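Everything on this sheet refers to the single structure shown next.
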Amino acid sequence: MQHLLRAADLSVDNIHSLLDSAAIFEQHITSRTRLDRMQGRVLINLFAEPSTRTRLSFERAMLALGGQVQTIGAAESSLLKGESLEDTGRTLSCYGDVIAMRHPTPGAVAALARGARIPVINAGDGSHEHPTQSLLDLYTMKRRVGRLNKLVVGLVGDLKHSRTIHSLVDMLAPFQPQLVCVAPPELGLPAELVNSLAVRGISALHADDLSTVMPELDVLYVTRLQRERFEDLALYERLQASYHVNAASLVGAKKNMVVMHPLPRVNELSPDVDADPRAAYFDQVRYGVPVRMAILDALLDALAADKPAL
Amino acid sequence: MQHLLRAADLSVDNIHSLLDSAAIFEQHITSRTRLDRMQGRVLINLFAEPSTRTRLSFERAMLALGGQVQTIGAAESSLLKGESLEDTGRTLSCYGDVIAMRHPTPGAVAALARGARIPVINAGDGSHEHPTQSLLDLYTMKRRVGRLNKLVVGLVGDLKHSRTIHSLVDMLAPFQPQLVCVAPPELGLPAELVNSLAVRGISALHADDLSTVMPELDVLYVTRLQRERFEDLALYERLQASYHVNAASLVGAKKNMVVMHPLPRVNELSPDVDADPRAAYFDQVRYGVPVRMAILDALLDALAADKPAL
Amino acid sequence: MQHLLRAADLSVDNIHSLLDSAAIFEQHITSRTRLDRMQGRVLINLFAEPSTRTRLSFERAMLALGGQVQTIGAAESSLLKGESLEDTGRTLSCYGDVIAMRHPTPGAVAALARGARIPVINAGDGSHEHPTQSLLDLYTMKRRVGRLNKLVVGLVGDLKHSRTIHSLVDMLAPFQPQLVCVAPPELGLPAELVNSLAVRGISALHADDLSTVMPELDVLYVTRLQRERFEDLALYERLQASYHVNAASLVGAKKNMVVMHPLPRVNELSPDVDADPRAAYFDQVRYGVPVRMAILDALLDALAADKPAL
């Protein structure tokens, strides 16, 4: 594993190893153990699209490992546009030891990685992939439900455009999930992804009504309908109303089911769910730090032997 | 003291304790003593409105305590607007140990604090409050004039909209100051604040002419007239000319009076005052660091016992 | 040496001393030696104009020395515009130990330095100077060509507006270079600079065609034609085509010649040169870190004896 660009870059062994490592880092955080594994090393956070949550999570992870962070924001990164992404990748390799990059264009992170001499992590590229989010989602499922195999997972919202959903489904596939999609037909999983799942023996069912499938679910994964995707705002308002999850929606759900959401939420997930012990979305935020510590540690460790300093 | 949202959150005992603590930190800075009281801890500087001075001061204070800082700027914080301030507060609690927040809307910092699981410091919310500025103002007065009790304090400029003035007057009140307002009638202290002072036995006198009251003052506190507050720019120009302080204005002032200003200054305070030993405004900048070290230290120490890591 | 504002601030002895020091720091980087020479000290990176490369290079240099960095970006620095640059300089002196500043206006960095109580480094002021770039350029020439004296240096591109070229020529002058300018007449070296070179016994030749002079060159220094400088875009396109360097352009060049470029490149330097062993532009990026470590170290060391903390 030289870079982490797509969920598919991780084998099942990689995933188990990273989740085990994250569990150890979570213990270190809880006990406030001082780590200096990244002493003298620098993470470059290149966010060509603003993202407070993912950026802060990577930054805190690197600081918790004893390293430092250099940040390039959206305003500055536009300055780099004159040059090729390959040049940017090679240039940044002169300043840092690892790069986490978010970019609005699918494939842009892979282009930067082609020029880079250091590991590159995809922190979200357009509607394409967001593999580190998926890893923290799996960590949350394992911690809260107790297993990863054969989970019944309800997916609610815009499944067509969400990179979070695309990477999650891809990373879950080897664990043989039963997927239940609760989404309007025009916002279902991309056909390409459905085909790729079918090849691996996984079918994605469709449900019109969340309540009918609720009792079966181990995981209820809610995502935003992104208003900017809709030309017809009346449609947006109607859909938003029908894919709304609140405390009442959970009637009939398993006791150890978990409600997940990548946040931020707008209206699709009501704050009246927060007090329910099944709410796991703020745990996802919290688990993002040890999971990203595990990713940074694995990528830098793999290269430690043969990597020249700077 | 769990959060520091308003000047009124601090008792007289709190204030004395923080000023004593700041004096010790000032010594540490002077002697370049290495501190690691915040080792492994992270301050989140959330500035939804740009503020170089206050932001850098908090950042330097946290670094001087051995901690680290994560910054969210104005451009990014707009991204968070989709979610409630309570959600933002709860989310940021997963990354940092303490939050310093500036926001253009009065009350926004208190809203964030309701969701936060970690201490929140108001670094200025609209025209409402700016309590850490007031604490460094009191520190400067004590260091330079030698006492806090019964000071005669001249307030010059826009007293209606200045959060710096509002918090200062509130924090000074227990020390029984004599306030002398030198401001146009339409820019005097808000009626609510005047009433609240009256209840505490403090009257705010009005003076048309600074020179007549100058000999009585222990502190001359000058603030900007903010051009953007005026619809009538001719009025702005006229007022600005009449509330201008320069070296000549200090004729007749006490030898140990201090001239203070929260900076930045534009035309209301002339650079020809800088060489006067009574000029204390760059000391205010300098004292901001040990005072904010004291605040961070007190807030994190109070929670050290019962606070879970991350 | 209290500040580094212009190439001319450095004597030949200063330059040799800084290059020697940079060579030692380069060794420390390669061997990952942990340095704490700047422990507890803070660099303020004030970039009133965005510059990812130079900013990251200073930041990494300060981190590698064991220090910390506080950044003021373009968006925030506009906030400071209300106050004088002298006031900004004095204010920032209360937070940091050294300032690196980029600004679009020639002379702005010198104005800030007049108010500052701490060393100030010019990280590029408009079309005026960029002395730290020149020092890393000299370091690259010495490392790669093996000497600084009497180099034959080809300068390609917009020599009129490039601060990189202006500072480079000025810093090279004591080493008696032979300059060969390959630029359109309207974009040649400024007359003032040509005169100042003549006084020092250095002539700047002009060549219409790069290929005729290529065999003589020790250094080929390529810079961008900046599209925004041209009112006539057709002229820009024509010039860009004629000052294009690619692998074929290097036919006949010396084996130990070096091709340099301050980056970012657009079309004036083809990626097909990258694989040529004479390509030195990514080395320039890399050498920027130890060279800036040497500059920071020299400026802070010079003041260590008499500088008050904060």
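Going through the structure tokens in order, the chains are called A, B, and so on, while each chain numbers its residues from 1 and the ligands are numbered from 1 in the order shown.
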
Matching every Cα in sequence order between the two identical chains, what are the coordinates of chain B once fitted onto chain A? Write them as a CSV table (one decimal) with C-alpha atoms, in the first residue's frame.
chain,number,residue,atom,x,y,z
B,1,MET,CA,0.0,0.0,0.0
B,2,GLN,CA,1.8,3.1,-1.2
B,3,HIS,CA,-1.2,5.4,-1.6
B,4,LEU,CA,-4.8,5.2,-0.4
B,5,LEU,CA,-6.8,6.5,-3.4
B,6,ARG,CA,-9.8,4.2,-3.5
B,7,ALA,CA,-11.7,1.8,-1.2
B,8,ALA,CA,-10.6,-1.0,-3.5
B,9,ASP,CA,-6.9,-0.3,-2.7
B,10,LEU,CA,-7.5,-2.0,0.6
B,11,SER,CA,-7.6,-5.8,0.9
B,12,VAL,CA,-9.6,-7.5,3.6
B,13,ASP,CA,-6.3,-8.1,5.4
B,14,ASN,CA,-5.4,-4.4,5.1
B,15,ILE,CA,-8.8,-3.4,6.5
B,16,HIS,CA,-8.5,-5.8,9.5
B,17,SER,CA,-5.0,-4.6,10.2
B,18,LEU,CA,-6.0,-0.9,10.0
B,19,LEU,CA,-9.0,-1.4,12.3
B,20,ASP,CA,-6.9,-3.3,14.9
B,21,SER,CA,-4.3,-0.5,14.7
B,22,ALA,CA,-7.1,2.1,15.1
B,23,ALA,CA,-8.4,0.3,18.2
B,24,ILE,CA,-4.9,0.6,19.8
B,25,PHE,CA,-4.7,4.3,18.9
B,26,GLU,CA,-8.1,4.9,20.4
B,27,GLN,CA,-6.8,3.4,23.7
B,28,HIS,CA,-3.8,5.8,23.5
B,29,ILE,CA,-6.1,8.7,23.0
B,30,THR,CA,-8.3,7.8,26.0
B,31,SER,CA,-5.3,7.3,28.2
B,32,ARG,CA,-3.6,10.4,26.8
B,33,THR,CA,-0.5,8.4,26.1
B,34,ARG,CA,2.1,10.7,24.4
B,35,LEU,CA,3.2,9.4,21.0
B,36,ASP,CA,6.1,10.5,18.9
B,37,ARG,CA,5.9,8.1,16.1
B,38,MET,CA,5.7,10.9,13.6
B,39,GLN,CA,8.3,13.1,15.3
B,40,GLY,CA,9.8,15.4,12.7
B,41,ARG,CA,7.4,14.3,10.0
B,42,VAL,CA,4.9,16.6,8.2
B,43,LEU,CA,1.4,15.9,6.8
B,44,ILE,CA,0.4,18.2,4.0
B,45,ASN,CA,-3.3,18.8,4.0
B,46,LEU,CA,-4.2,20.0,0.5
B,47,PHE,CA,-7.9,20.9,0.5
B,48,ALA,CA,-8.8,22.4,-2.9
B,49,GLU,CA,-12.4,22.2,-1.6
B,50,PRO,CA,-13.1,23.3,1.9
B,51,SER,CA,-13.9,20.6,4.4
B,52,THR,CA,-13.6,21.4,8.1
B,53,ARG,CA,-14.5,18.0,9.4
B,54,THR,CA,-12.1,15.8,7.4
B,55,ARG,CA,-9.3,18.3,7.5
B,56,LEU,CA,-9.4,18.7,11.3
B,57,SER,CA,-9.6,15.0,11.7
B,58,PHE,CA,-6.4,14.4,9.7
B,59,GLU,CA,-4.7,17.3,11.4
B,60,ARG,CA,-5.6,16.1,14.9
B,61,ALA,CA,-4.5,12.5,13.9
B,62,MET,CA,-1.1,13.7,12.8
B,63,LEU,CA,-0.6,15.9,15.9
B,64,ALA,CA,-1.6,13.0,18.1
B,65,LEU,CA,1.1,10.9,16.5
B,66,GLY,CA,3.7,13.6,17.4
B,67,GLY,CA,3.9,15.0,13.8
B,68,GLN,CA,3.2,18.4,12.3
B,69,VAL,CA,0.8,19.6,9.7
B,70,GLN,CA,1.1,22.1,6.8
B,71,THR,CA,-2.2,23.2,5.3
B,72,ILE,CA,-3.0,24.5,1.7
B,73,GLY,CA,-6.6,25.9,1.6
B,74,ALA,CA,-9.0,26.3,-1.3
B,75,ALA,CA,-8.0,29.9,-2.0
B,76,GLU,CA,-4.3,29.1,-2.3
B,77,SER,CA,-4.7,25.8,-4.1
B,78,SER,CA,-6.3,27.8,-7.0
B,79,LEU,CA,-2.9,29.3,-7.4
B,80,LEU,CA,-1.5,25.9,-8.2
B,81,LYS,CA,-3.9,25.5,-11.1
B,82,GLY,CA,-1.5,26.9,-13.5
B,83,GLU,CA,0.7,23.9,-13.1
B,84,SER,CA,-0.1,20.3,-13.7
B,85,LEU,CA,-1.2,18.1,-10.7
B,86,GLU,CA,1.8,15.9,-11.4
B,87,ASP,CA,4.1,19.0,-10.8
B,88,THR,CA,2.2,19.9,-7.7
B,89,GLY,CA,2.6,16.4,-6.4
B,90,ARG,CA,6.3,16.3,-7.0
B,91,THR,CA,6.8,19.8,-5.5
B,92,LEU,CA,4.8,19.0,-2.3
B,93,SER,CA,7.0,15.9,-1.9
B,94,CYS,CA,9.9,18.3,-1.2
B,95,TYR,CA,8.1,19.7,1.8
B,96,GLY,CA,6.1,17.0,3.5
B,97,ASP,CA,6.2,13.2,4.2
B,98,VAL,CA,2.6,12.4,3.3
B,99,ILE,CA,-0.3,14.3,1.6
B,100,ALA,CA,-4.0,14.2,2.3
B,101,MET,CA,-6.0,15.8,-0.6
B,102,ARG,CA,-9.5,16.8,-1.2
B,103,HIS,CA,-10.5,18.0,-4.7
B,104,PRO,CA,-13.8,18.7,-6.5
B,105,THR,CA,-12.7,16.7,-9.6
B,106,PRO,CA,-12.9,12.8,-9.6
B,107,GLY,CA,-9.5,11.5,-10.3
B,108,ALA,CA,-7.6,14.6,-9.4
B,109,VAL,CA,-6.0,12.9,-6.3
B,110,ALA,CA,-4.8,10.0,-8.5
B,111,ALA,CA,-3.2,12.6,-10.9
B,112,LEU,CA,-1.4,14.2,-8.0
B,113,ALA,CA,-0.2,10.9,-6.7
B,114,ARG,CA,1.4,10.1,-10.1
B,115,GLY,CA,3.8,13.0,-9.6
B,116,ALA,CA,4.3,12.5,-5.8
B,117,ARG,CA,7.3,10.9,-4.2
B,118,ILE,CA,5.5,10.4,-0.9
B,119,PRO,CA,2.2,8.6,0.0
B,120,VAL,CA,-1.0,10.3,-1.0
B,121,ILE,CA,-4.4,9.8,0.7
B,122,ASN,CA,-7.7,10.6,-1.0
B,123,ALA,CA,-9.7,12.8,1.4
B,124,GLY,CA,-12.6,13.0,-1.1
B,125,ASP,CA,-12.5,13.6,-4.9
B,126,GLY,CA,-15.8,15.0,-6.2
B,127,SER,CA,-18.6,12.4,-6.3
B,128,HIS,CA,-16.0,9.7,-6.8
B,129,GLU,CA,-14.5,8.2,-3.6
B,130,HIS,CA,-13.9,9.0,0.1
B,131,PRO,CA,-12.1,5.9,1.4
B,132,THR,CA,-10.9,7.2,4.8
B,133,GLN,CA,-14.6,8.0,5.7
B,134,SER,CA,-15.5,4.4,4.8
B,135,LEU,CA,-12.8,3.0,7.0
B,136,LEU,CA,-14.1,5.0,10.0
B,137,ASP,CA,-17.6,3.9,9.1
B,138,LEU,CA,-16.5,0.2,9.2
B,139,TYR,CA,-14.7,0.9,12.5
B,140,THR,CA,-17.9,2.4,13.9
B,141,MET,CA,-19.9,-0.6,12.8
B,142,LYS,CA,-17.5,-3.1,14.3
B,143,ARG,CA,-17.2,-1.2,17.6
B,144,ARG,CA,-21.0,-0.7,17.9
B,145,VAL,CA,-22.6,-3.7,16.2
B,146,GLY,CA,-19.8,-6.0,17.1
B,147,ARG,CA,-19.1,-7.5,13.7
B,148,LEU,CA,-18.6,-6.6,10.0
B,149,ASN,CA,-19.8,-9.8,8.3
B,150,LYS,CA,-23.3,-10.1,6.8
B,151,LEU,CA,-24.7,-6.8,8.1
B,152,VAL,CA,-28.1,-5.6,6.9
B,153,VAL,CA,-27.4,-2.0,5.9
B,154,GLY,CA,-30.1,0.5,5.0
B,155,LEU,CA,-28.8,3.3,2.8
B,156,VAL,CA,-31.0,6.5,2.9
B,157,GLY,CA,-30.7,9.6,0.8
B,158,ASP,CA,-28.9,10.5,-2.4
B,159,LEU,CA,-27.0,7.3,-3.3
B,160,LYS,CA,-26.2,8.4,-6.8
B,161,HIS,CA,-23.9,11.4,-6.0
B,162,SER,CA,-22.5,10.5,-2.5
B,163,ARG,CA,-18.8,9.6,-2.6
B,164,THR,CA,-19.3,8.5,1.0
B,165,ILE,CA,-21.8,5.9,-0.1
B,166,HIS,CA,-19.8,4.8,-3.1
B,167,SER,CA,-16.7,4.1,-1.1
B,168,LEU,CA,-18.6,2.5,1.8
B,169,VAL,CA,-20.4,0.0,-0.4
B,170,ASP,CA,-17.2,-0.9,-2.1
B,171,MET,CA,-15.3,-1.4,1.2
B,172,LEU,CA,-18.2,-3.3,2.7
B,173,ALA,CA,-18.5,-5.7,-0.3
B,174,PRO,CA,-16.0,-8.3,0.9
B,175,PHE,CA,-18.0,-8.7,4.1
B,176,GLN,CA,-21.1,-9.8,2.2
B,177,PRO,CA,-23.6,-7.1,3.4
B,178,GLN,CA,-27.3,-7.1,2.6
B,179,LEU,CA,-27.9,-3.6,1.2
B,180,VAL,CA,-31.3,-2.0,1.3
B,181,CYS,CA,-31.6,1.2,-0.6
B,182,VAL,CA,-34.2,3.7,0.5
B,183,ALA,CA,-33.9,6.4,-2.2
B,184,PRO,CA,-35.9,7.9,-5.1
B,185,PRO,CA,-35.3,6.0,-8.3
B,186,GLU,CA,-33.4,8.9,-9.9
B,187,LEU,CA,-31.0,9.0,-6.9
B,188,GLY,CA,-30.2,5.2,-6.6
B,189,LEU,CA,-26.8,3.6,-6.6
B,190,PRO,CA,-24.9,4.2,-9.9
B,191,ALA,CA,-25.5,1.3,-12.4
B,192,GLU,CA,-21.8,0.6,-12.6
B,193,LEU,CA,-21.6,0.1,-8.9
B,194,VAL,CA,-24.6,-2.1,-8.8
B,195,ASN,CA,-23.1,-4.3,-11.5
B,196,SER,CA,-19.8,-4.5,-9.7
B,197,LEU,CA,-21.6,-5.6,-6.5
B,198,ALA,CA,-23.6,-8.2,-8.5
B,199,VAL,CA,-20.3,-9.7,-9.7
B,200,ARG,CA,-19.3,-10.1,-6.1
B,201,GLY,CA,-22.6,-11.8,-5.3
B,202,ILE,CA,-24.2,-8.8,-3.5
B,203,SER,CA,-27.6,-7.6,-4.4
B,204,ALA,CA,-28.9,-4.1,-3.5
B,205,LEU,CA,-32.6,-4.3,-2.7
B,206,HIS,CA,-34.9,-1.3,-3.0
B,207,ALA,CA,-37.5,-0.3,-0.4
B,208,ASP,CA,-40.0,2.4,-0.9
B,209,ASP,CA,-40.8,2.7,2.8
B,210,LEU,CA,-38.1,2.8,5.5
B,211,SER,CA,-40.6,1.5,8.2
B,212,THR,CA,-41.2,-1.8,6.5
B,213,VAL,CA,-37.5,-2.7,6.5
B,214,MET,CA,-36.5,-1.1,9.8
B,215,PRO,CA,-36.8,-4.2,12.0
B,216,GLU,CA,-34.3,-6.0,9.8
B,217,LEU,CA,-31.5,-3.4,9.8
B,218,ASP,CA,-28.2,-3.7,11.7
B,219,VAL,CA,-27.1,-0.3,10.3
B,220,LEU,CA,-29.2,2.7,9.1
B,221,TYR,CA,-26.9,4.9,7.1
B,222,VAL,CA,-28.5,8.3,6.4
B,223,THR,CA,-27.0,10.9,4.0
B,224,ARG,CA,-28.0,14.4,2.8
B,225,LEU,CA,-29.9,15.2,-0.2
B,226,GLN,CA,-27.7,17.9,-1.6
B,227,ARG,CA,-29.9,20.8,-2.7
B,228,GLU,CA,-27.4,21.9,-5.3
B,229,ARG,CA,-27.9,18.7,-7.2
B,230,PHE,CA,-31.6,19.5,-8.0
B,231,GLU,CA,-32.8,21.7,-10.8
B,232,ASP,CA,-36.3,21.2,-9.6
B,233,LEU,CA,-36.4,22.6,-6.0
B,234,ALA,CA,-40.0,21.5,-5.5
B,235,LEU,CA,-38.8,17.9,-6.1
B,236,TYR,CA,-36.0,18.5,-3.6
B,237,GLU,CA,-38.5,19.7,-0.9
B,238,ARG,CA,-40.8,16.7,-1.5
B,239,LEU,CA,-38.0,14.2,-1.4
B,240,GLN,CA,-36.4,15.7,1.7
B,241,ALA,CA,-39.7,15.4,3.5
B,242,SER,CA,-40.1,11.7,2.6
B,243,TYR,CA,-36.5,10.7,3.5
B,244,HIS,CA,-36.6,12.2,6.9
B,245,VAL,CA,-35.4,10.1,9.9
B,246,ASN,CA,-36.5,11.0,13.4
B,247,ALA,CA,-37.1,9.3,16.8
B,248,ALA,CA,-40.5,7.9,15.6
B,249,SER,CA,-38.8,6.3,12.6
B,250,LEU,CA,-36.8,4.0,14.9
B,251,VAL,CA,-39.9,2.3,16.2
B,252,GLY,CA,-39.5,-1.4,15.6
B,253,ALA,CA,-35.7,-1.2,15.1
B,254,LYS,CA,-33.3,-3.7,16.7
B,255,LYS,CA,-31.9,-2.6,20.1
B,256,ASN,CA,-28.3,-2.8,18.9
B,257,MET,CA,-28.9,-1.2,15.5
B,258,VAL,CA,-26.9,1.9,14.8
B,259,VAL,CA,-27.9,5.1,13.1
B,260,MET,CA,-25.0,6.6,11.2
B,261,HIS,CA,-24.5,9.8,9.2
B,262,PRO,CA,-21.3,11.3,7.8
B,263,LEU,CA,-22.4,14.8,8.9
B,264,PRO,CA,-23.1,17.7,8.5
B,265,ARG,CA,-26.8,17.0,8.7
B,266,VAL,CA,-29.5,19.4,7.7
B,267,ASN,CA,-33.1,18.2,7.9
B,268,GLU,CA,-32.8,14.6,7.0
B,269,LEU,CA,-31.9,13.5,10.5
B,270,SER,CA,-33.7,15.0,13.5
B,271,PRO,CA,-31.8,16.1,16.7
B,272,ASP,CA,-34.5,14.1,18.6
B,273,VAL,CA,-32.5,11.0,17.6
B,274,ASP,CA,-29.4,12.2,19.4
B,275,ALA,CA,-30.5,10.9,22.8
B,276,ASP,CA,-31.3,7.5,21.5
B,277,PRO,CA,-28.5,5.0,22.4
B,278,ARG,CA,-28.5,3.8,18.8
B,279,ALA,CA,-27.3,7.2,17.5
B,280,ALA,CA,-23.7,6.6,16.4
B,281,TYR,CA,-22.9,9.7,14.2
B,282,PHE,CA,-20.9,11.7,16.8
B,283,ASP,CA,-19.0,8.4,17.5
B,284,GLN,CA,-18.1,8.4,13.8
B,285,VAL,CA,-16.6,11.9,14.2
B,286,ARG,CA,-14.7,10.8,17.2
B,287,TYR,CA,-13.5,7.5,15.7
B,288,GLY,CA,-12.2,9.4,12.6
B,289,VAL,CA,-9.1,10.4,14.6
B,290,PRO,CA,-7.8,7.0,15.6
B,291,VAL,CA,-8.7,5.6,12.2
B,292,ARG,CA,-6.8,8.3,10.4
B,293,MET,CA,-3.9,7.8,12.8
B,294,ALA,CA,-3.8,4.1,11.7
B,295,ILE,CA,-3.8,5.1,8.0
B,296,LEU,CA,-1.0,7.7,8.4
B,297,ASP,CA,1.0,5.2,10.5
B,298,ALA,CA,0.6,2.4,8.0
B,299,LEU,CA,1.5,4.5,5.0
B,300,LEU,CA,4.5,6.1,6.5
B,301,ASP,CA,5.7,2.8,8.1
B,302,ALA,CA,5.5,1.0,4.8
B,303,LEU,CA,7.9,3.5,3.3
B,304,ALA,CA,10.1,4.1,6.3
B,305,ALA,CA,12.8,1.7,5.1
B,306,ASP,CA,13.3,3.1,1.6
B,307,LYS,CA,12.1,6.6,1.9
B,308,PRO,CA,14.7,9.4,1.7
B,309,ALA,CA,14.2,12.2,4.2
B,310,LEU,CA,12.5,15.1,2.4

* Asked: Among segment 29-259 of chain A, which ones does DSSP place in alpha helix (DSSP H), written as a ChimeraX atom specification?
  -> /A:29-30,52-64,74-77,85-92,108-115,131-145,163-172,191-199,210-213,233-242
